[in-house]
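So this block is model.txt, compact mmCIF, C-alpha atoms:
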```txt
# COMPACT_ATOMS: atom_id res chain seq x y z
CA MET A 910 0.00 0.00 0.00
CA SER A 911 2.81 2.41 0.69
CA ASP A 912 3.89 2.18 -2.98
CA ARG A 913 0.60 3.73 -4.10
CA SER A 914 0.79 6.69 -1.75
CA GLN A 915 4.38 7.37 -2.81
CA SER A 916 3.57 7.27 -6.53
CA ALA A 917 0.55 9.60 -6.35
CA PRO A 918 1.21 12.87 -8.20
CA GLN A 919 1.77 15.82 -5.93
CA PRO A 920 0.04 19.12 -6.74
CA GLU A 921 2.38 21.88 -7.79
CA SER A 922 5.24 19.36 -7.93
CA ASN A 923 6.96 21.37 -10.67
CA GLY A 924 7.09 24.58 -8.67
CA GLY A 925 3.80 25.92 -10.06
CA THR A 926 5.12 26.39 -13.59
CA ASP A 927 2.60 24.05 -15.27
CA SER A 928 0.59 26.28 -17.61
CA SER A 929 -1.53 23.60 -19.26
CA ILE A 930 -5.10 24.52 -20.10
CA ALA A 931 -6.37 21.61 -17.98
CA ASN A 932 -5.08 23.35 -14.85
CA THR A 933 -6.81 26.69 -15.41
CA ASN A 934 -10.39 27.92 -15.39
CA LYS A 935 -9.62 30.99 -17.48
CA ARG A 936 -11.41 30.98 -20.82
CA LEU A 937 -9.40 31.85 -23.89
CA LEU A 938 -12.27 32.50 -26.31
CA VAL A 939 -15.68 34.14 -26.00
CA CYS A 940 -18.64 34.38 -28.38
CA GLU A 941 -19.64 37.59 -30.15
CA GLY A 942 -22.26 38.59 -27.58
CA GLU A 943 -19.88 38.09 -24.67
CA ALA A 944 -17.10 39.93 -26.49
CA ALA A 945 -19.39 42.91 -27.16
CA GLN A 946 -20.44 42.94 -23.50
CA ILE A 947 -16.80 42.83 -22.34
CA LEU A 948 -16.00 45.84 -24.55
CA GLY A 949 -19.21 47.67 -23.61
CA ILE A 950 -20.39 47.95 -27.21
CA SER A 951 -23.25 46.50 -29.20
CA PRO A 952 -22.83 43.22 -31.11
CA ARG A 953 -23.43 45.18 -34.35
CA THR A 954 -20.56 47.56 -33.55
CA LEU A 955 -18.32 44.60 -32.80
CA PHE A 956 -19.37 43.02 -36.11
CA ASP A 957 -18.44 46.26 -37.92
CA LEU A 958 -15.06 46.39 -36.15
CA ARG A 959 -14.38 42.76 -37.12
CA LYS A 960 -15.27 43.42 -40.76
CA ALA A 961 -12.96 46.47 -40.73
CA LYS A 962 -10.23 44.15 -39.33
CA GLN A 963 -9.84 46.27 -36.20
CA VAL A 964 -10.71 43.35 -33.91
CA PRO A 965 -9.46 39.88 -34.91
CA ALA A 966 -11.77 36.89 -34.61
CA ALA A 967 -11.60 33.16 -35.23
CA ARG A 968 -14.25 31.06 -36.91
CA ILE A 969 -14.63 27.61 -35.42
CA GLY A 970 -17.33 25.77 -37.26
CA SER A 971 -20.19 28.23 -37.60
CA ARG A 972 -19.21 30.20 -34.49
CA VAL A 973 -17.29 33.46 -34.46
CA LEU A 974 -15.09 33.64 -31.38
CA TYR A 975 -12.82 36.30 -29.95
CA ARG A 976 -9.65 35.87 -27.89
CA ILE A 977 -9.78 37.66 -24.54
CA ALA A 978 -6.21 38.90 -25.15
CA ASP A 979 -7.26 40.48 -28.48
CA LEU A 980 -10.18 42.26 -26.80
CA GLU A 981 -7.84 43.60 -24.12
CA GLU A 982 -5.39 44.83 -26.78
CA PHE A 983 -8.19 46.53 -28.72
CA ALA A 984 -9.48 48.23 -25.56
CA ALA A 985 -5.97 49.45 -24.73
CA ARG A 986 -5.52 50.86 -28.26
CA ALA A 987 -8.94 52.51 -28.17
CA SER A 988 -8.26 54.19 -24.82
CA THR A 989 -4.87 55.39 -26.12
CA PHE A 990 -6.53 57.01 -29.13
CA GLU A 991 -9.09 58.72 -26.94
CA SER A 992 -6.48 60.11 -24.56
CA ASP A 993 -4.55 61.50 -27.54
CA GLY A 994 -7.64 63.40 -28.69
CA GLU A 995 -8.19 61.16 -31.71
CA VAL A 996 -11.39 59.26 -32.40
CA ALA A 997 -10.97 55.50 -32.72
```
As structure tokens, what does this structure read like?
Amino acid sequence: MSDRSQSAPQPESNGGTDSSIANTNKRLLVCEGEAAQILGISPRTLFDLRKAKQVPAARIGSRVLYRIADLEEFAARASTFESDGEVA
């Protein structure tokens, strides 16, 4: 019996550097409605931004999905334009 307890994997055994998706609850992709809500804009405005290639999106099957990181980058760029006096 002691062999089993010794061979059981220990959590964080690699110093916490395991970045596999299985060990995280953070979502990488969101649907169009969620993406629009995150940005505080309408789904139609998000659609227009995607068509203008200002916000990248991925198509998986029939779904259009947005990376959280891309939404954050877009928001950072948009706030930079506004603070410079330019309209995004």
Next item on the list: One decimal, Å: what's the distance from CA of Val964 in chain A over to CA of Arg976 in chain A, could you say?
Entry: 9.7 Å
Checklist line | Distance in Å - CA of Arg959 in chain A versus CA of Leu938 in chain A | finding: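 CA of Arg959 in chain A sits 15.1 Å away from CA of Leu938 in chain A.
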Next item on the list: Measure the distance from CA of Gly970 in chain A to CA of Ile950 in chain A in Å and round it to one decimal.
Entry: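 So the answer is 24.5 Å.
The list of residues with at least one atom within 9 Å of range 980-985 of chain A, based on all atoms listed in the file and without residues fewer than 2 positions apart in the same chain, reads Ala944, Ile947, Leu948, Gln963, Val964, Pro965, Tyr975, Arg976, Ile977, Ala978, Ala987, Ser988, Thr989 and Phe990 of chain A.
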